[in-house]
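Okay, so here's the structure we're looking at.
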Amino acid sequence: MGQGTMGLAGVLSLAGALPAGTSLLLDVGHTLPPGGDALSHGRGLDCWEVRKHNSSEWCHFIRSNPDCRLDGGFLDYLDGVFCVFPPQLLPLAVALYALWLLYLFIILGVTAEKFFCPNLSAISTNLKLSHNVAGVTFLAFGNGAPDVFSAVVAFSDPRTAGLAIGAIFGAGVFVTTVVAGGIALVKPFTAASRPFLRDVIFYMVAVFLTFVVLYVGRIRLGEALGYLGLYVFYVLTVVLCTWIHRRQRGDGLAPPGPWEPGEEYRPLLPSQETSLRILTTALSPLDYRKWRRKPWYWRLFKAFKVPVELVLLLTVPVVDPDKDDLNWKRPLNCLHILTSPLLCVLTLKSGAYGLYQIQGIFPVWGLVTLVASALALIIFITTRNEEPPKYHCVFAFLGFLASAMWINAAATELVNILRTLGIIFQLSNTVLGLTLLAWGNSIGDTFSDLTMARQGYPRMAFSACFGGIIFNILVGVGLGCLLQMTSSQPLVKLEPDSPLVWVLAGALGLSLVFSFVTVPAQCFQLGKAYGVCLITYYLAFLCVALLTEFRVIHFSTP
């Protein structure tokens, strides 16, 4: 891109960054005058313009431009790539950022799978929720935690709101086409008619509401609450439909039966292990017998996860109702009394609250350390290694909070690094959201659903495709926008940063209509032809989306 002109692609990718009330009218094929005055008028240069300058000016541009400041997070990725690395090493910086991006997805996946979801399951068991209610509330939250937290973080800054929209819509298209089509290819089956129609109708309503919000360009308090209210209505509908179905079969909506510990967890003989032995065993993220049986690529991937798992084991307690001792590890759980609160105060607002000096003298983290240490000592003295205390369920709530803070911290870094990559490559937030962010957050669900289908449960896997994304869009948009509202300004502006948003919304709506029409037409018998059609549709959509992003295809925006 020339130093004095900016192409149409670069300008339209910046459209979402314009201040309220500013309009940008461009004709196809025209360029802006030198200096980008149309953009710099009103609030300074946009950060996307850094690559238009000489490489010797990059660092000064980044550090002097308010638009280049990343909100939240522990690392300043823009300063790193444009100031720490010399210009000739830009490819190396991008490669390192890409590797760190992959590792952040690993952190999100491990935290959600092994710490966030088990604690939510324990909480739902403790609250004696039915399986259906738990499935569409706590477990849906656990499975969609990376998506929802990423959306909340992205909505916190108008400059990255496009990431949230792109990721929510992009994941929706990916799951309803590639994942659903893959299930039909792996294991042809007959779908459950009423749950399928219910979920598709609710999801189409949610997509339509989001389309209207994007068209209007803002979301008010009532609309944000409407998203959450619609999800509550969806949960009630699921419970009612399940109750009616079971009543027709003659068995009521019974709560979960009493818990029976699995035989594999029952010790043959009572053991008296020392506290040090329990601590070292509990902190080991490796099962050496399993390690020897697994192939080399599994071991390689496990080696990457071990540091993450070790840190999580140190800071996040896990309550497991499937174990005889409920996963009570007295020395480690007492250590969690100290590490979990410290984690929360040091990650909330990137440590701003934890480092705050009380009366300008004593830091908050110091006070938390003193109080938590005293409480941990009391619990250690008053409990035994062999038997969990009666209040052990409290550790599930503590683990839920600590794992949520880990996910939020990783999601913040994820959003910041994606914005940095967008600035480097001159890409809109929407295309980054519908590709990298959507794929990264959906890859775990993809493998789990396809594995479930191979094991003979394709109907369950197919239902999970739609149930999860309903939670993501309604809670992701509703909660993400609600948290950004204040009493003085009860609305959030959602201005699409490129025409790709409308392509994405249209593609998602069309895929839902396609399934809504063709699945009943096939008497809900889904075979390989249906799967091939869905995957082909996604590939065609991806081609159109990329061609739109790079201005090969032009669309007139609303």
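Residue numbers start at 1 in each chain; chains themselves are named A, B, ... in the order of the structure tokens; ligands are numbered from 1 in the order shown.
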**Request:** Would you list the contacts of Val212 of chain A as a PyMOL selection string, taking every protein, DNA or RNA residue within 12 Å and counting only C-alpha atoms, but skipping same-chain residues closer than 6 positions in sequence?
**Result:** chain A and resi 205-206+218-219+223+494-495+502+505+558
**Message:** Please list as a list in words every residue within 10 Å of Met460 of chain A, counting only C-alpha atoms and excluding residues in the same chain fewer than 4 positions away.
**Reply:** Ala191, Ala192, Asp449, Met452, Ala453, Gly456, Ala464 and Cys465 of chain A
How would the residues just chosen look if you wrote them out with N, CA, C and O atoms as a compact mmCIF listing (two decimals), in the first residue's frame?
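Output contents, as saved in part-v6.txt:
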```txt
# COMPACT_ATOMS: atom_id res chain seq x y z
N ALA A 191 -32.86 -37.54 13.16
CA ALA A 191 -32.84 -36.49 14.17
C ALA A 191 -34.14 -36.48 14.97
O ALA A 191 -35.20 -36.88 14.46
N ALA A 192 -34.06 -36.04 16.22
CA ALA A 192 -35.26 -35.85 17.05
C ALA A 192 -36.02 -34.64 16.53
O ALA A 192 -35.48 -33.53 16.51
N ASP A 449 -18.03 -33.48 19.58
CA ASP A 449 -19.27 -33.88 18.92
C ASP A 449 -19.05 -35.00 17.91
O ASP A 449 -19.85 -35.95 17.82
N MET A 452 -18.45 -38.17 19.80
CA MET A 452 -19.73 -38.65 20.33
C MET A 452 -20.53 -39.36 19.24
O MET A 452 -21.15 -40.41 19.48
N ALA A 453 -20.48 -38.82 18.01
CA ALA A 453 -21.20 -39.44 16.89
C ALA A 453 -20.59 -40.80 16.54
O ALA A 453 -21.32 -41.77 16.28
N GLY A 456 -21.67 -43.71 18.60
CA GLY A 456 -23.05 -44.14 18.47
C GLY A 456 -24.09 -43.21 19.04
O GLY A 456 -25.24 -43.61 19.26
N ALA A 464 -26.44 -30.99 20.52
CA ALA A 464 -25.46 -30.12 21.16
C ALA A 464 -25.01 -29.00 20.23
O ALA A 464 -24.65 -27.90 20.69
N CYS A 465 -25.03 -29.24 18.92
CA CYS A 465 -24.62 -28.20 17.95
C CYS A 465 -25.47 -26.96 18.10
O CYS A 465 -24.96 -25.84 18.12
```
**Item:** Which of segment 320-407 of chain A DSSP labels alpha helix (DSSP H), written as a ChimeraX atom specification
**Value:** /A:330-347,364-382,394-407
**Request:** Mind listing the strand (DSSP E or B) residues of segment 134-225 of chain A, per DSSP on the backbone, as JSON, numbers by chain?
**Result:** {"A": [189, 190, 218, 219, 220]}
Selection from above, all heavy atoms, as a short mmCIF file (atom, residue, chain, number, x, y, z; two decimals), in the first residue's frame, can you write it?
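again_34.cif was written with the following content:
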```
data_model
loop_
_atom_site.label_atom_id
_atom_site.label_comp_id
_atom_site.auth_asym_id
_atom_site.auth_seq_id
_atom_site.Cartn_x
_atom_site.Cartn_y
_atom_site.Cartn_z
N PHE A 189 -28.16 -40.67 10.65
CA PHE A 189 -29.08 -40.93 11.76
C PHE A 189 -30.40 -40.23 11.50
O PHE A 189 -30.56 -39.47 10.54
CB PHE A 189 -28.49 -40.42 13.07
CG PHE A 189 -28.34 -38.92 13.13
CD1 PHE A 189 -29.25 -38.13 13.83
CD2 PHE A 189 -27.30 -38.28 12.45
CE1 PHE A 189 -29.12 -36.76 13.87
CE2 PHE A 189 -27.16 -36.91 12.49
CZ PHE A 189 -28.07 -36.15 13.20
N THR A 190 -31.36 -40.47 12.38
CA THR A 190 -32.65 -39.80 12.35
C THR A 190 -32.70 -38.80 13.49
O THR A 190 -32.58 -39.19 14.67
CB THR A 190 -33.81 -40.81 12.49
OG1 THR A 190 -33.74 -41.77 11.43
CG2 THR A 190 -35.16 -40.10 12.44
N ARG A 218 -27.14 0.12 17.32
CA ARG A 218 -27.02 0.28 18.77
C ARG A 218 -27.92 -0.74 19.46
O ARG A 218 -28.84 -1.29 18.85
CB ARG A 218 -27.44 1.69 19.20
CG ARG A 218 -28.91 2.02 18.94
CD ARG A 218 -29.29 3.40 19.36
NE ARG A 218 -30.69 3.68 19.12
CZ ARG A 218 -31.21 4.11 17.99
NH1 ARG A 218 -30.40 4.32 16.95
NH2 ARG A 218 -32.50 4.34 17.85
N ILE A 219 -27.62 -1.00 20.72
CA ILE A 219 -28.44 -1.89 21.53
C ILE A 219 -28.70 -1.21 22.86
O ILE A 219 -27.77 -0.75 23.53
CB ILE A 219 -27.77 -3.27 21.73
CG1 ILE A 219 -28.64 -4.18 22.60
CG2 ILE A 219 -26.37 -3.14 22.31
CD1 ILE A 219 -28.15 -5.62 22.64
N ARG A 220 -29.96 -1.08 23.23
CA ARG A 220 -30.34 -0.41 24.46
C ARG A 220 -30.49 -1.41 25.60
O ARG A 220 -30.40 -2.63 25.40
CB ARG A 220 -31.64 0.37 24.25
CG ARG A 220 -31.52 1.47 23.20
CD ARG A 220 -32.81 2.27 23.10
NE ARG A 220 -32.73 3.30 22.07
CZ ARG A 220 -32.21 4.49 22.26
NH1 ARG A 220 -31.71 4.83 23.45
NH2 ARG A 220 -32.17 5.37 21.28
#
```
Segment 104-158 of chain A near segment 412-435 of chain A within 7 Å: what's each residue's closest atom pair and its distance in Å to one decimal, counting only C-alpha atoms, ordered by chain then ascending residue number, as CSV?
```
residue,atom,partner,partner_atom,distance
A:Leu104,CA,A:Leu414,CA,6.6
A:Ser150,CA,A:Val415,CA,6.9
A:Val153,CA,A:Thr412,CA,5.9
A:Ala154,CA,A:Val415,CA,6.4
```
Expected file contents, prior selection, C-alpha atoms, as a PDB file, in the first residue's frame:
```pdb
ATOM      1  CA  LEU A 104      -3.956 -19.092  24.376  1.00  0.00           C
ATOM      2  CA  SER A 150     -14.277 -13.576  24.410  1.00  0.00           C
ATOM      3  CA  VAL A 153     -14.062  -8.785  26.430  1.00  0.00           C
ATOM      4  CA  ALA A 154     -14.494  -7.771  22.787  1.00  0.00           C
TER       5      ALA A 154
END
```
**Request:** Give the answer as one residue: which of A:Val178, A:Ile473, A:Ala404, A:Val216 has the shortest atom-to-atom distance to Tyr530 of chain A, using only C-alpha atoms?
**Result:** A:Val178
**Asked** Leaving out Ala112 of chain A and any residue of its chain fewer than 5 positions from it, which residues lie within 10 Å of it when counting only C-alpha atoms, given as an NGL selection string?
**Response** :A and (106-107 or 117-119 or 141-146 or 400 or 403-404 or 406-407)
Save the residues we just selected, C-alpha atoms, as an mmCIF file, in the first residue's frame?
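Below is the file that was written, selection-v7.cif:
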```cif
data_model
loop_
_atom_site.group_PDB
_atom_site.id
_atom_site.type_symbol
_atom_site.label_atom_id
_atom_site.label_comp_id
_atom_site.auth_asym_id
_atom_site.auth_seq_id
_atom_site.Cartn_x
_atom_site.Cartn_y
_atom_site.Cartn_z
ATOM 1 C CA ILE A 106 -4.920 -24.292 24.569
ATOM 2 C CA ILE A 107 -5.214 -22.373 27.851
ATOM 3 C CA CYS A 117 -16.997 -27.481 33.487
ATOM 4 C CA PRO A 118 -16.365 -29.979 36.352
ATOM 5 C CA ASN A 119 -16.999 -27.299 38.968
ATOM 6 C CA PHE A 141 -22.175 -22.076 30.176
ATOM 7 C CA GLY A 142 -19.232 -24.412 30.676
ATOM 8 C CA ASN A 143 -19.055 -25.432 27.027
ATOM 9 C CA GLY A 144 -19.547 -21.879 25.777
ATOM 10 C CA ALA A 145 -17.312 -20.180 28.330
ATOM 11 C CA PRO A 146 -14.494 -19.310 25.870
ATOM 12 C CA PHE A 400 -15.746 -21.769 39.346
ATOM 13 C CA SER A 403 -11.335 -20.733 36.484
ATOM 14 C CA ALA A 404 -13.613 -17.958 35.223
ATOM 15 C CA TRP A 406 -8.341 -17.532 34.122
ATOM 16 C CA ILE A 407 -10.658 -17.752 31.109
#
```
Thr280 of chain A surroundings by only C-alpha atoms, 10 Å radius, close-in-sequence under 4 positions cut, as a short mmCIF file (atom, residue, chain, number, x, y, z; two decimals) with N, CA, C and O atoms, in the first residue's frame:
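Resulting contents of around.cif:
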```cif
data_model
loop_
_atom_site.label_atom_id
_atom_site.label_comp_id
_atom_site.auth_asym_id
_atom_site.auth_seq_id
_atom_site.Cartn_x
_atom_site.Cartn_y
_atom_site.Cartn_z
N SER A 275 0.46 -35.79 54.19
CA SER A 275 0.01 -34.58 53.49
C SER A 275 0.95 -34.22 52.35
O SER A 275 0.50 -33.78 51.27
N LEU A 276 2.25 -34.43 52.56
CA LEU A 276 3.21 -34.12 51.50
C LEU A 276 3.01 -35.03 50.30
O LEU A 276 3.07 -34.58 49.15
N SER A 284 0.56 -33.46 40.21
CA SER A 284 1.15 -34.09 39.02
C SER A 284 0.12 -34.12 37.90
O SER A 284 -0.90 -34.80 38.02
N PRO A 331 -4.17 -30.86 51.74
CA PRO A 331 -3.10 -29.85 51.65
C PRO A 331 -3.24 -28.95 50.43
O PRO A 331 -3.01 -27.73 50.52
N LEU A 332 -3.65 -29.53 49.30
CA LEU A 332 -3.79 -28.71 48.09
C LEU A 332 -4.99 -27.78 48.20
O LEU A 332 -4.91 -26.60 47.81
#
```
**Message:** If we count only C-alpha atoms and set the cut-off at 7 Å, which residues sit around segment 482-484 of chain A, ignoring sequence neighbours fewer than 3 positions away in its own chain? Please answer as a PyMOL selection string.
**Reply:** chain A and resi 156+221+224+478-479
**Request:** Tell me, in Å to one decimal, how far atom CA of Leu286 of chain A is from atom CA of Ser340 of chain A.
**Result:** 22.2 Å
